[in-house]
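Participant: Structure supplied as entry.txt; contents: compact mmCIF, C-alpha atoms (C1' of nucleotides).
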# COMPACT_ATOMS: atom_id res chain seq x y z
CA MET A 509 -92.46 -28.22 22.69
CA PRO A 510 -91.55 -24.62 22.12
CA GLU A 511 -90.12 -22.99 25.22
CA LEU A 512 -87.84 -19.97 25.23
CA PRO A 513 -84.93 -21.47 23.22
CA GLU A 514 -87.23 -22.91 20.56
CA VAL A 515 -89.12 -19.65 20.06
CA GLU A 516 -85.83 -17.71 20.03
CA THR A 517 -84.58 -20.06 17.31
CA MET A 518 -87.76 -19.61 15.25
CA VAL A 519 -87.45 -15.82 15.50
CA ARG A 520 -83.76 -15.84 14.53
CA ASP A 521 -84.47 -18.13 11.58
CA LEU A 522 -87.40 -16.01 10.41
CA ARG A 523 -85.83 -12.58 10.82
CA PRO A 524 -83.83 -12.46 7.56
CA HIS A 525 -86.86 -13.70 5.61
CA LEU A 526 -89.44 -11.38 7.15
CA LEU A 527 -87.72 -8.05 7.85
CA GLY A 528 -89.21 -5.40 5.59
CA ARG A 529 -91.57 -7.87 3.92
CA SER A 530 -95.24 -7.04 3.63
CA PHE A 531 -98.27 -9.30 3.81
CA ARG A 532 -100.11 -9.69 0.50
CA GLU A 533 -102.77 -12.32 1.09
CA VAL A 534 -103.80 -13.79 4.42
CA ARG A 535 -105.65 -17.06 4.85
CA LEU A 536 -106.85 -18.41 8.19
CA ARG A 537 -107.97 -22.02 8.13
CA ARG A 538 -108.79 -22.35 11.84
CA THR A 539 -110.20 -19.80 14.24
CA ASP A 540 -109.95 -21.58 17.60
CA VAL A 541 -106.37 -20.35 18.06
CA LEU A 542 -107.47 -16.69 17.93
CA LYS A 543 -107.37 -14.83 21.21
CA ASP A 544 -109.49 -11.69 21.64
CA ILE A 545 -109.91 -11.12 17.92
CA ARG A 546 -112.14 -12.46 15.18
CA ARG A 547 -111.18 -13.70 11.77
CA PRO A 548 -112.34 -10.66 9.71
CA GLN A 549 -110.49 -8.17 11.92
CA LEU A 550 -107.32 -10.25 11.93
CA ILE A 551 -107.32 -10.68 8.16
CA GLN A 552 -108.13 -7.02 7.53
CA ARG A 553 -105.38 -5.76 9.84
CA LEU A 554 -102.71 -8.21 8.69
CA THR A 555 -103.31 -7.71 4.99
CA GLY A 556 -100.95 -5.07 3.65
CA ALA A 557 -99.01 -4.84 6.93
CA THR A 558 -95.20 -4.59 6.84
CA VAL A 559 -92.84 -6.38 9.23
CA ASP A 560 -90.75 -3.67 10.93
CA SER A 561 -89.02 -6.05 13.31
CA LEU A 562 -89.27 -9.40 15.08
CA SER A 563 -88.61 -10.19 18.69
CA ARG A 564 -89.22 -12.82 21.31
CA ARG A 565 -90.84 -12.36 24.70
CA ALA A 566 -91.15 -15.41 26.97
CA LYS A 567 -92.47 -18.17 24.69
CA HIS A 568 -94.02 -15.72 22.23
CA ALA A 569 -92.77 -14.67 18.82
CA VAL A 570 -93.66 -11.01 18.28
CA LEU A 571 -93.94 -9.53 14.80
CA HIS A 572 -93.96 -5.73 14.86
CA LEU A 573 -96.36 -4.52 12.17
CA GLY A 574 -96.59 -0.73 12.39
CA GLN A 575 -98.92 0.02 15.29
CA TRP A 576 -99.75 -3.67 15.74
CA ARG A 577 -97.96 -6.51 17.49
CA PHE A 578 -98.77 -9.91 16.02
CA VAL A 579 -98.09 -12.25 18.89
CA VAL A 580 -97.66 -15.97 18.20
CA GLN A 581 -97.54 -18.38 21.10
CA PRO A 582 -96.79 -21.82 19.61
CA GLY A 583 -98.07 -23.75 22.62
CA MET A 584 -97.15 -27.43 22.39
CA THR A 585 -97.01 -28.13 18.68
CA GLY A 586 -97.01 -24.79 16.88
CA SER A 587 -94.34 -23.68 14.45
CA LEU A 588 -93.79 -20.56 12.42
CA PHE A 589 -91.76 -20.76 9.23
CA VAL A 590 -91.29 -19.33 5.78
CA THR A 591 -91.42 -21.51 2.70
CA ASP A 592 -91.05 -20.89 -1.02
CA ALA A 593 -92.32 -24.30 -2.07
CA PRO A 594 -96.04 -24.66 -2.79
CA ARG A 595 -97.72 -26.79 -0.14
CA SER A 596 -99.70 -29.90 -1.00
CA GLU A 597 -103.06 -30.41 0.64
CA GLU A 598 -101.45 -33.09 2.82
CA GLU A 599 -98.65 -30.79 3.98
CA ALA A 600 -101.15 -28.02 4.64
CA HIS A 601 -103.40 -30.17 6.79
CA TYR A 602 -102.26 -28.58 10.05
CA ASP A 603 -101.61 -25.13 8.65
CA VAL A 604 -103.55 -22.59 10.65
CA LEU A 605 -102.44 -19.35 9.02
CA THR A 606 -100.93 -18.75 5.59
CA VAL A 607 -99.56 -15.37 4.59
CA ARG A 608 -98.42 -14.69 1.03
CA LEU A 609 -95.47 -12.31 1.26
CA ASP A 610 -94.55 -9.61 -1.26
CA ASP A 611 -91.61 -11.76 -2.41
CA TRP A 612 -94.09 -14.58 -3.12
CA ARG A 613 -92.85 -16.76 -0.34
CA GLU A 614 -95.31 -17.88 2.31
CA LEU A 615 -95.25 -17.40 6.07
CA ILE A 616 -97.00 -20.35 7.69
CA TYR A 617 -98.22 -20.93 11.21
CA ARG A 618 -98.74 -24.66 11.61
CA ASP A 619 -100.11 -26.23 14.79
CA ILE A 620 -101.17 -29.86 15.07
CA ARG A 621 -102.93 -29.67 18.41
CA ARG A 622 -103.79 -26.00 18.25
CA LEU A 623 -102.96 -25.29 21.85
CA GLY A 624 -101.08 -22.28 20.52
CA THR A 625 -102.60 -18.81 20.29
CA LEU A 626 -102.54 -15.87 17.90
CA ARG A 627 -103.04 -12.34 19.18
CA LEU A 628 -103.06 -8.97 17.48
CA LEU A 629 -102.44 -6.23 20.01
CA ASP A 630 -102.02 -2.48 19.78
CA GLN A 631 -99.22 -0.76 21.70
CA ARG A 632 -101.22 -0.34 24.89
CA ALA A 633 -102.60 -3.88 24.91
CA TRP A 634 -99.11 -5.23 24.21
CA GLN A 635 -97.65 -3.24 27.08
CA ARG A 636 -100.33 -4.60 29.40
CA TYR A 637 -99.72 -8.14 28.23
CA ASP A 638 -95.95 -7.77 28.48
CA ALA A 639 -96.28 -6.43 32.00
CA SER A 640 -98.26 -9.49 33.06
CA LEU A 641 -95.27 -11.72 32.27
CA GLY A 642 -92.35 -12.24 34.62
CA PRO A 643 -88.77 -11.18 33.89
CA GLU A 644 -86.73 -12.71 31.07
CA PRO A 645 -84.31 -15.23 32.61
CA LEU A 646 -81.49 -14.28 30.22
CA ASP A 647 -81.84 -10.57 31.02
CA LEU A 648 -78.95 -9.80 33.38
CA ALA A 649 -81.12 -7.08 34.93
CA LEU A 650 -82.61 -10.00 36.87
CA THR A 651 -80.19 -10.33 39.78
CA PRO A 652 -79.82 -13.46 41.92
CA ASP A 653 -81.20 -11.39 44.78
CA GLU A 654 -84.36 -10.47 42.87
CA PHE A 655 -84.76 -14.06 41.68
CA HIS A 656 -84.60 -15.22 45.28
CA LYS A 657 -87.31 -12.70 46.16
CA VAL A 658 -89.47 -13.87 43.24
CA LEU A 659 -89.26 -17.44 44.52
CA ALA A 660 -90.20 -16.30 48.01
CA ARG A 661 -93.56 -15.14 46.63
CA THR A 662 -95.01 -18.65 46.46
CA ARG A 663 -95.16 -21.82 48.49
CA GLN A 664 -95.63 -23.84 45.29
CA ALA A 665 -93.12 -26.53 44.41
CA ILE A 666 -90.01 -24.89 42.96
CA LYS A 667 -90.58 -26.67 39.65
CA LYS A 668 -94.06 -25.23 39.30
CA ALA A 669 -92.77 -21.79 40.26
CA LEU A 670 -90.05 -21.97 37.57
CA MET A 671 -92.74 -22.70 34.98
CA ASP A 672 -95.10 -19.96 36.21
CA GLN A 673 -94.91 -17.35 33.45
CA ARG A 674 -95.91 -14.57 35.87
CA LEU A 675 -92.86 -15.30 38.02
CA LEU A 676 -90.30 -16.11 35.32
CA ALA A 677 -90.93 -15.99 31.59
CA GLY A 678 -90.05 -18.67 29.07
CA VAL A 679 -89.19 -21.77 31.10
CA GLY A 680 -91.36 -24.84 30.49
CA ASN A 681 -91.30 -28.45 31.61
CA ILE A 682 -88.16 -29.62 29.82
CA TYR A 683 -85.84 -26.83 30.96
CA ALA A 684 -87.34 -26.73 34.46
CA ASN A 685 -86.43 -30.42 34.89
CA GLU A 686 -82.96 -29.86 33.47
CA ALA A 687 -82.18 -26.73 35.50
CA LEU A 688 -83.27 -28.31 38.78
CA PHE A 689 -81.08 -31.33 38.12
CA ALA A 690 -78.10 -29.13 37.25
CA ALA A 691 -78.62 -27.04 40.37
CA GLY A 692 -79.07 -30.15 42.56
CA ILE A 693 -82.49 -29.07 43.84
CA ASP A 694 -85.43 -31.39 44.58
CA PRO A 695 -88.27 -30.27 42.23
CA SER A 696 -90.84 -30.65 45.01
CA ARG A 697 -89.15 -28.22 47.44
CA PRO A 698 -91.43 -25.27 48.20
CA ALA A 699 -90.13 -22.26 46.26
CA ASP A 700 -90.16 -20.01 49.31
CA ARG A 701 -87.84 -22.37 51.14
CA ILE A 702 -85.04 -22.18 48.59
CA GLY A 703 -82.12 -20.36 50.19
CA HIS A 704 -80.20 -17.46 48.67
CA GLU A 705 -77.25 -19.60 47.54
CA PRO A 706 -79.31 -22.37 45.91
CA ALA A 707 -81.52 -19.73 44.24
CA ALA A 708 -78.44 -18.05 42.77
CA ARG A 709 -77.16 -21.41 41.57
CA LEU A 710 -80.55 -22.22 40.04
CA LEU A 711 -80.67 -18.93 38.13
CA GLU A 712 -77.16 -19.58 36.87
CA GLU A 713 -78.14 -23.07 35.66
CA VAL A 714 -81.37 -21.81 34.05
CA ARG A 715 -79.26 -19.31 32.11
CA ARG A 716 -76.56 -21.79 31.18
CA ILE A 717 -79.09 -24.37 29.96
CA LEU A 718 -81.29 -21.92 28.04
CA SER A 719 -78.18 -20.46 26.38
CA ALA A 720 -76.85 -23.90 25.46
CA ALA A 721 -80.29 -24.86 24.10
CA ILE A 722 -80.40 -21.71 21.94
CA GLU A 723 -76.89 -22.57 20.75
CA ALA A 724 -78.22 -26.05 19.81
CA GLU A 725 -81.25 -24.48 18.07
CA GLY A 726 -83.72 -25.95 20.52
CA THR A 727 -84.90 -29.35 21.71
CA THR A 728 -86.87 -31.55 19.31
CA VAL A 729 -88.69 -34.32 21.13
CA ARG A 730 -91.42 -34.80 18.59
CA ASP A 731 -93.00 -31.86 16.79
CA TYR A 732 -90.78 -28.85 17.26
CA ARG A 733 -89.15 -27.57 14.06
CA ARG A 734 -86.95 -24.53 13.55
CA GLY A 735 -87.94 -21.67 11.27
CA THR A 736 -85.97 -23.58 8.63
CA GLY A 737 -88.08 -26.71 9.08
CA GLU A 738 -85.17 -28.63 10.60
CA PRO A 739 -85.17 -30.13 14.10
CA GLY A 740 -83.04 -28.74 16.92
CA SER A 741 -80.35 -30.79 18.64
CA PHE A 742 -80.47 -30.03 22.37
CA GLN A 743 -82.38 -33.30 22.98
CA LEU A 744 -78.92 -34.92 22.72
CA GLU A 745 -77.80 -32.97 25.76
CA LEU A 746 -80.77 -33.62 28.05
CA GLN A 747 -79.71 -35.03 31.41
CA VAL A 748 -83.07 -35.99 32.96
CA TYR A 749 -86.08 -35.09 30.80
CA GLY A 750 -87.45 -38.25 29.14
CA ARG A 751 -84.93 -40.45 31.00
CA GLU A 752 -87.12 -41.83 33.78
CA GLY A 753 -85.76 -45.16 35.01
CA GLU A 754 -82.43 -44.65 33.26
CA PRO A 755 -79.18 -44.12 35.20
CA CYS A 756 -78.28 -40.62 36.34
CA ARG A 757 -75.43 -39.39 34.14
CA ARG A 758 -73.71 -37.98 37.21
CA CYS A 759 -74.01 -40.75 39.83
CA GLY A 760 -75.64 -43.74 38.12
CA THR A 761 -78.73 -43.80 40.37
CA ARG A 762 -82.00 -44.77 38.65
CA LEU A 763 -83.79 -41.53 37.78
CA THR A 764 -87.16 -41.06 39.46
CA GLY A 765 -90.27 -40.10 37.49
CA THR A 766 -93.42 -38.58 39.01
CA HIS A 767 -96.54 -36.69 37.99
CA LEU A 768 -97.19 -35.34 41.46
CA ILE A 769 -96.10 -31.79 40.66
CA ASP A 770 -98.73 -29.94 38.61
CA ALA A 771 -99.56 -33.24 36.84
CA ARG A 772 -96.51 -32.75 34.64
CA ALA A 773 -93.80 -35.28 33.90
CA THR A 774 -91.07 -34.64 36.44
CA VAL A 775 -87.79 -36.56 36.30
CA PHE A 776 -85.04 -36.17 38.84
CA CYS A 777 -82.22 -37.93 40.66
CA HIS A 778 -83.13 -38.37 44.31
CA ARG A 779 -79.44 -38.63 45.17
CA CYS A 780 -78.18 -35.55 43.27
CA GLN A 781 -81.33 -33.55 44.11
CA PRO A 782 -81.88 -34.28 47.84
C1' DA B 735 -105.14 -15.29 48.04
C1' DC B 736 -103.97 -19.47 47.00
C1' DG B 737 -103.92 -24.21 45.39
C1' DA B 738 -105.98 -28.24 43.25
C1' DG B 739 -107.88 -30.01 39.38
C1' DG B 740 -110.48 -29.78 34.86
C1' DT B 741 -110.40 -28.26 29.92
C1' DC B 742 -108.75 -27.54 25.38
C1' DC B 743 -106.64 -30.10 21.28
C1' DT B 744 -104.65 -34.28 18.29
C1' DG B 745 -101.37 -38.03 17.56
C1' DC B 746 -99.35 -41.87 19.26
C1' DG B 747 -98.37 -46.10 21.54
C1' DA B 748 -99.84 -49.57 24.90
C1' DG B 749 -102.96 -53.04 25.79
C1' DC B 750 -106.80 -56.01 24.85
C1' DT C 121 -106.05 -56.42 13.09
C1' DG C 122 -108.54 -52.83 14.91
C1' DC C 123 -110.29 -50.74 18.62
C1' DT C 124 -110.18 -47.89 23.09
C1' DC C 125 -107.80 -45.39 26.36
C1' DG C 126 -104.36 -42.72 28.61
C1' DC C 127 -100.86 -39.61 28.00
C1' DA C 128 -98.16 -35.69 26.17
C1' DG C 129 -98.59 -30.27 28.67
C1' DG C 130 -98.92 -24.66 28.24
C1' DA C 131 -102.23 -21.60 29.49
C1' DC C 132 -106.44 -20.60 31.30
C1' DC C 133 -110.51 -21.50 33.93
C1' DT C 134 -113.50 -22.80 37.96
C1' DC C 135 -114.17 -24.32 42.46
C1' DG C 136 -113.29 -24.69 47.37
Go ahead and express the file in the form of structure tokens.

Facilitator:
Amino acid sequence: MPELPEVETMVRDLRPHLLGRSFREVRLRRTDVLKDIRRPQLIQRLTGATVDSLSRRAKHAVLHLGQWRFVVQPGMTGSLFVTDAPRSEEEAHYDVLTVRLDDWRELIYRDIRRLGTLRLLDQRAWQRYDASLGPEPLDLALTPDEFHKVLARTRQAIKKALMDQRLLAGVGNIYANEALFAAGIDPSRPADRIGHEPAARLLEEVRRILSAAIEAEGTTVRDYRRGTGEPGSFQLELQVYGREGEPCRRCGTRLTGTHLIDARATVFCHRCQP
DNA sequence: ACGAGGTCCTGCGAGC
DNA sequence: TGCTCGCAGGACCTCG
């Protein structure tokens, strides 16, 4: 499931293929992923556009197309990649968007469950959208002190707060579980009751884990693929996610699984995360 | 203002 | 064997 490291990997993989390329022919096979735009407008504005640059913000891949920002949020099962091989009807079954590039390759947005979204925003709309998202965890401008203050803004469980995109951008279920384990914090603790020291430790672990996951080109549990079509490898380094009932790698205690927080799979070690 | 819970969407695996 | 059902969960919505 694409969180920050997975989207960062997609963007890095795509950059050399897309920089300076222009969009020749745009096909949209599904419209339910469109957010605040209709098919004809999207196709009209994308066709002929040139990719000036690519970036990532939170869990979004952002293609800069002149005045427009094409914002792809892969959701659970979305992936963005470039291919030069023609796609069979079977391969194309989950393709949502197909863009023929001026070098005759194709940029594909594929999304099995279509929980992802596509947006096309002008500068102002992008600025507004960007401002609605919390700070980037890897941006060192976010100090431990500020992070502590962010957490103090909610009484929600710390795990839910970590995943709240308005508070902190880019962390989803997998990395929230991992960071809380690494920081030794019980996922159900209210965010506003996390002390200054534990908050600093948590920010440090969030950064360490996200960086290591980018280094490993993301976590592939099921559907996530890099911009190259290959899986990532950080799933090999997961300490708690998906390991409910298995022994804690640090102390051997059986890992606890619960769905009590935000109805999401939470796995933790009750001994290491008191 | 906040929190709890429902909804979207499809594939997959468990259970009958 | 073939069916149904619950689950996976990010973002967004409604309700209390």

Participant: By how many Å are atom CA of Ser596 of chain A and atom CA of Arg537 of chain A apart?

Facilitator: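 Answer for the atom CA of Ser596 of chain A to atom CA of Arg537 of chain A separation: 14.6 Å.
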
Participant: Please tabulate, as a tab-separated table, the residues of chain A that come within 9 Å of chain C, each with its closest pair of atoms and the distance in Å to one decimal, counting all atoms listed in the file and ordering rows by chain, then residue number upward.

Facilitator:
residue	atom	partner	partner_atom	distance
A:Met509	CA	C:DG129	C1'	8.8
A:Gly583	CA	C:DG130	C1'	5.8
A:Met584	CA	C:DG130	C1'	6.7
A:Leu623	CA	C:DG130	C1'	7.6
A:Gly624	CA	C:DG130	C1'	8.4
A:Gly680	CA	C:DG130	C1'	7.9
A:Asn681	CA	C:DG129	C1'	8.1
A:Ala771	CA	C:DG129	C1'	8.7
A:Arg772	CA	C:DG129	C1'	6.8
A:Ala773	CA	C:DG129	C1'	8.7

Participant: How far is it from atom CA of Ile769 of chain A to atom CA of Ala665 of chain A, in Å with one decimal?

Facilitator: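 Rounded to one decimal, the two atoms are 7.1 Å apart.
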
Participant: Let me have the centre and edge lengths of the axis-aligned box enclosing all listed atoms of segment 124-130 of chain C with 4 Å padding on every side, in Å to one decimal, as AutoDock Vina command-line options.

Facilitator:
--center_x -104.2 --center_y -36.3 --center_z 25.9 --size_x 20.0 --size_y 31.2 --size_z 13.6

Participant: So that I can see what lies close to DG737 of chain B, please list as a PyMOL selection string the residues with an atom at most 10 Å from it, counting all atoms listed in the file and leaving out residues fewer than 2 positions away in the same chain.

Facilitator: (chain A and resi 663-664) or (chain B and resi 735+739) or (chain C and resi 136)

Participant: For chain B, list the residues within 8 Å of chain A, counting all atoms listed in the file, and write the list as an MDAnalysis selection string.

Facilitator: chainID B and resid 742:744

Participant: Atom CA of Arg697 of chain A to atom CA of Lys667 of chain A: how many Å, to one decimal?

Facilitator: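 So the answer is 8.1 Å.
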
Participant: Using all atoms listed in the file, which of A:Glu654, A:Glu516, A:Asp603, A:Glu752 sits nearest Cys777 of chain A?

Facilitator: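 With all atoms listed in the file as the atom set, the closest residue is A:Glu752.
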
Participant: Select, from A:Val515, A:Pro510, A:Arg730, A:Ala724, the residue with the minimum atom-to-atom distance to DC746 of chain B, counting only C-alpha atoms (C1' of nucleotides).

Facilitator: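 So, comparing all the options, the nearest one is A:Arg730.
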
Participant: What does chain C look like written to a file with N, CA and C atoms (P, O5', C5', C4', C3', O3' and C1' of nucleotides), as a PDB file, in the first residue's frame?

Facilitator:
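File decode.pdb, as written:
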ATOM      1  P    DT C 121     -11.897 -29.836  -6.763  1.00  0.00           P
ATOM      2  O5'  DT C 121     -13.421 -29.370  -6.850  1.00  0.00           O
ATOM      3  C5'  DT C 121     -14.318 -29.979  -7.757  1.00  0.00           C
ATOM      4  C4'  DT C 121     -15.602 -29.191  -7.676  1.00  0.00           C
ATOM      5  C3'  DT C 121     -15.488 -27.728  -8.107  1.00  0.00           C
ATOM      6  O3'  DT C 121     -16.642 -27.414  -8.892  1.00  0.00           O
ATOM      7  C1'  DT C 121     -16.243 -27.828  -5.868  1.00  0.00           C
ATOM      8  P    DG C 122     -16.689 -26.063  -9.761  1.00  0.00           P
ATOM      9  O5'  DG C 122     -17.546 -25.112  -8.811  1.00  0.00           O
ATOM     10  C5'  DG C 122     -18.883 -25.464  -8.486  1.00  0.00           C
ATOM     11  C4'  DG C 122     -19.394 -24.539  -7.421  1.00  0.00           C
ATOM     12  C3'  DG C 122     -19.147 -23.049  -7.699  1.00  0.00           C
ATOM     13  O3'  DG C 122     -20.329 -22.339  -7.390  1.00  0.00           O
ATOM     14  C1'  DG C 122     -18.363 -23.600  -5.569  1.00  0.00           C
ATOM     15  P    DC C 123     -20.671 -20.964  -8.074  1.00  0.00           P
ATOM     16  O5'  DC C 123     -21.175 -20.112  -6.830  1.00  0.00           O
ATOM     17  C5'  DC C 123     -22.280 -20.592  -6.074  1.00  0.00           C
ATOM     18  C4'  DC C 123     -22.029 -20.359  -4.599  1.00  0.00           C
ATOM     19  C3'  DC C 123     -21.823 -18.899  -4.226  1.00  0.00           C
ATOM     20  O3'  DC C 123     -23.088 -18.302  -3.944  1.00  0.00           O
ATOM     21  C1'  DC C 123     -20.408 -20.408  -2.968  1.00  0.00           C
ATOM     22  P    DT C 124     -23.208 -16.724  -3.761  1.00  0.00           P
ATOM     23  O5'  DT C 124     -22.883 -16.523  -2.217  1.00  0.00           O
ATOM     24  C5'  DT C 124     -23.527 -17.331  -1.243  1.00  0.00           C
ATOM     25  C4'  DT C 124     -22.919 -17.040   0.120  1.00  0.00           C
ATOM     26  C3'  DT C 124     -22.855 -15.550   0.470  1.00  0.00           C
ATOM     27  O3'  DT C 124     -23.284 -15.372   1.810  1.00  0.00           O
ATOM     28  C1'  DT C 124     -20.692 -16.514   0.625  1.00  0.00           C
ATOM     29  P    DC C 125     -23.627 -13.924   2.369  1.00  0.00           P
ATOM     30  O5'  DC C 125     -22.345 -13.654   3.277  1.00  0.00           O
ATOM     31  C5'  DC C 125     -21.923 -14.661   4.202  1.00  0.00           C
ATOM     32  C4'  DC C 125     -20.566 -14.288   4.760  1.00  0.00           C
ATOM     33  C3'  DC C 125     -20.401 -12.787   5.047  1.00  0.00           C
ATOM     34  O3'  DC C 125     -19.885 -12.624   6.351  1.00  0.00           O
ATOM     35  C1'  DC C 125     -18.607 -13.563   3.709  1.00  0.00           C
ATOM     36  P    DG C 126     -20.075 -11.223   7.091  1.00  0.00           P
ATOM     37  O5'  DG C 126     -18.600 -11.009   7.634  1.00  0.00           O
ATOM     38  C5'  DG C 126     -17.829 -12.132   8.059  1.00  0.00           C
ATOM     39  C4'  DG C 126     -16.358 -11.831   7.884  1.00  0.00           C
ATOM     40  C3'  DG C 126     -15.956 -10.397   8.269  1.00  0.00           C
ATOM     41  O3'  DG C 126     -14.749 -10.482   9.000  1.00  0.00           O
ATOM     42  C1'  DG C 126     -15.270 -10.842   6.049  1.00  0.00           C
ATOM     43  P    DC C 127     -14.247  -9.224   9.821  1.00  0.00           P
ATOM     44  O5'  DC C 127     -12.881  -8.882   9.087  1.00  0.00           O
ATOM     45  C5'  DC C 127     -11.963  -9.933   8.773  1.00  0.00           C
ATOM     46  C4'  DC C 127     -11.057  -9.466   7.669  1.00  0.00           C
ATOM     47  C3'  DC C 127     -10.535  -8.038   7.850  1.00  0.00           C
ATOM     48  O3'  DC C 127      -9.137  -8.074   7.998  1.00  0.00           O
ATOM     49  C1'  DC C 127     -11.215  -8.463   5.603  1.00  0.00           C
ATOM     50  P    DA C 128      -8.389  -6.873   8.696  1.00  0.00           P
ATOM     51  O5'  DA C 128      -7.613  -6.198   7.492  1.00  0.00           O
ATOM     52  C5'  DA C 128      -6.632  -6.939   6.790  1.00  0.00           C
ATOM     53  C4'  DA C 128      -6.375  -6.286   5.473  1.00  0.00           C
ATOM     54  C3'  DA C 128      -6.315  -4.757   5.554  1.00  0.00           C
ATOM     55  O3'  DA C 128      -4.995  -4.332   5.859  1.00  0.00           O
ATOM     56  C1'  DA C 128      -7.542  -5.528   3.624  1.00  0.00           C
ATOM     57  P    DG C 129      -4.754  -3.270   6.966  1.00  0.00           P
ATOM     58  O5'  DG C 129      -5.280  -1.927   6.283  1.00  0.00           O
ATOM     59  C5'  DG C 129      -4.519  -1.357   5.239  1.00  0.00           C
ATOM     60  C4'  DG C 129      -5.226  -0.140   4.733  1.00  0.00           C
ATOM     61  C3'  DG C 129      -5.546   0.893   5.834  1.00  0.00           C
ATOM     62  O3'  DG C 129      -5.337   2.193   5.330  1.00  0.00           O
ATOM     63  C1'  DG C 129      -7.476   0.374   4.648  1.00  0.00           C
ATOM     64  P    DG C 130      -3.901   2.902   5.627  1.00  0.00           P
ATOM     65  O5'  DG C 130      -4.009   4.177   4.687  1.00  0.00           O
ATOM     66  C5'  DG C 130      -3.686   4.113   3.319  1.00  0.00           C
ATOM     67  C4'  DG C 130      -4.407   5.222   2.581  1.00  0.00           C
ATOM     68  C3'  DG C 130      -4.545   6.528   3.362  1.00  0.00           C
ATOM     69  O3'  DG C 130      -4.331   7.607   2.456  1.00  0.00           O
ATOM     70  C1'  DG C 130      -6.702   5.671   2.879  1.00  0.00           C
ATOM     71  P    DA C 131      -4.376   9.083   3.033  1.00  0.00           P
ATOM     72  O5'  DA C 131      -5.866   9.532   2.709  1.00  0.00           O
ATOM     73  C5'  DA C 131      -6.260   9.597   1.352  1.00  0.00           C
ATOM     74  C4'  DA C 131      -7.743   9.870   1.262  1.00  0.00           C
ATOM     75  C3'  DA C 131      -8.205  11.144   1.967  1.00  0.00           C
ATOM     76  O3'  DA C 131      -8.941  11.879   1.017  1.00  0.00           O
ATOM     77  C1'  DA C 131      -9.587   9.335   2.558  1.00  0.00           C
ATOM     78  P    DC C 132      -9.358  13.391   1.246  1.00  0.00           P
ATOM     79  O5'  DC C 132     -10.944  13.283   1.421  1.00  0.00           O
ATOM     80  C5'  DC C 132     -11.683  12.531   0.470  1.00  0.00           C
ATOM     81  C4'  DC C 132     -13.021  12.163   1.079  1.00  0.00           C
ATOM     82  C3'  DC C 132     -13.691  13.312   1.843  1.00  0.00           C
ATOM     83  O3'  DC C 132     -14.969  13.535   1.281  1.00  0.00           O
ATOM     84  C1'  DC C 132     -13.827  11.289   3.034  1.00  0.00           C
ATOM     85  P    DC C 133     -15.781  14.875   1.591  1.00  0.00           P
ATOM     86  O5'  DC C 133     -17.086  14.289   2.291  1.00  0.00           O
ATOM     87  C5'  DC C 133     -17.857  13.304   1.614  1.00  0.00           C
ATOM     88  C4'  DC C 133     -18.693  12.558   2.645  1.00  0.00           C
ATOM     89  C3'  DC C 133     -19.455  13.485   3.581  1.00  0.00           C
ATOM     90  O3'  DC C 133     -20.810  13.590   3.172  1.00  0.00           O
ATOM     91  C1'  DC C 133     -18.438  11.623   4.746  1.00  0.00           C
ATOM     92  P    DT C 134     -21.781  14.656   3.911  1.00  0.00           P
ATOM     93  O5'  DT C 134     -22.426  13.750   5.052  1.00  0.00           O
ATOM     94  C5'  DT C 134     -22.946  12.467   4.736  1.00  0.00           C
ATOM     95  C4'  DT C 134     -23.375  11.751   6.008  1.00  0.00           C
ATOM     96  C3'  DT C 134     -24.244  12.590   6.936  1.00  0.00           C
ATOM     97  O3'  DT C 134     -25.320  11.773   7.404  1.00  0.00           O
ATOM     98  C1'  DT C 134     -22.356  11.815   8.125  1.00  0.00           C
ATOM     99  P    DC C 135     -26.607  12.481   8.076  1.00  0.00           P
ATOM    100  O5'  DC C 135     -26.477  12.011   9.586  1.00  0.00           O
ATOM    101  C5'  DC C 135     -26.284  10.622   9.871  1.00  0.00           C
ATOM    102  C4'  DC C 135     -25.758  10.488  11.295  1.00  0.00           C
ATOM    103  C3'  DC C 135     -26.517  11.318  12.327  1.00  0.00           C
ATOM    104  O3'  DC C 135     -27.004  10.460  13.354  1.00  0.00           O
ATOM    105  C1'  DC C 135     -24.178  11.626  12.556  1.00  0.00           C
ATOM    106  P    DG C 136     -28.153  10.973  14.364  1.00  0.00           P
ATOM    107  O5'  DG C 136     -27.313  11.138  15.703  1.00  0.00           O
ATOM    108  C5'  DG C 136     -26.608  10.030  16.241  1.00  0.00           C
ATOM    109  C4'  DG C 136     -25.680  10.530  17.341  1.00  0.00           C
ATOM    110  C3'  DG C 136     -26.365  11.470  18.342  1.00  0.00           C
ATOM    111  O3'  DG C 136     -26.041  11.064  19.661  1.00  0.00           O
ATOM    112  C1'  DG C 136     -24.386  12.462  17.488  1.00  0.00           C
TER     113       DG C 136
END
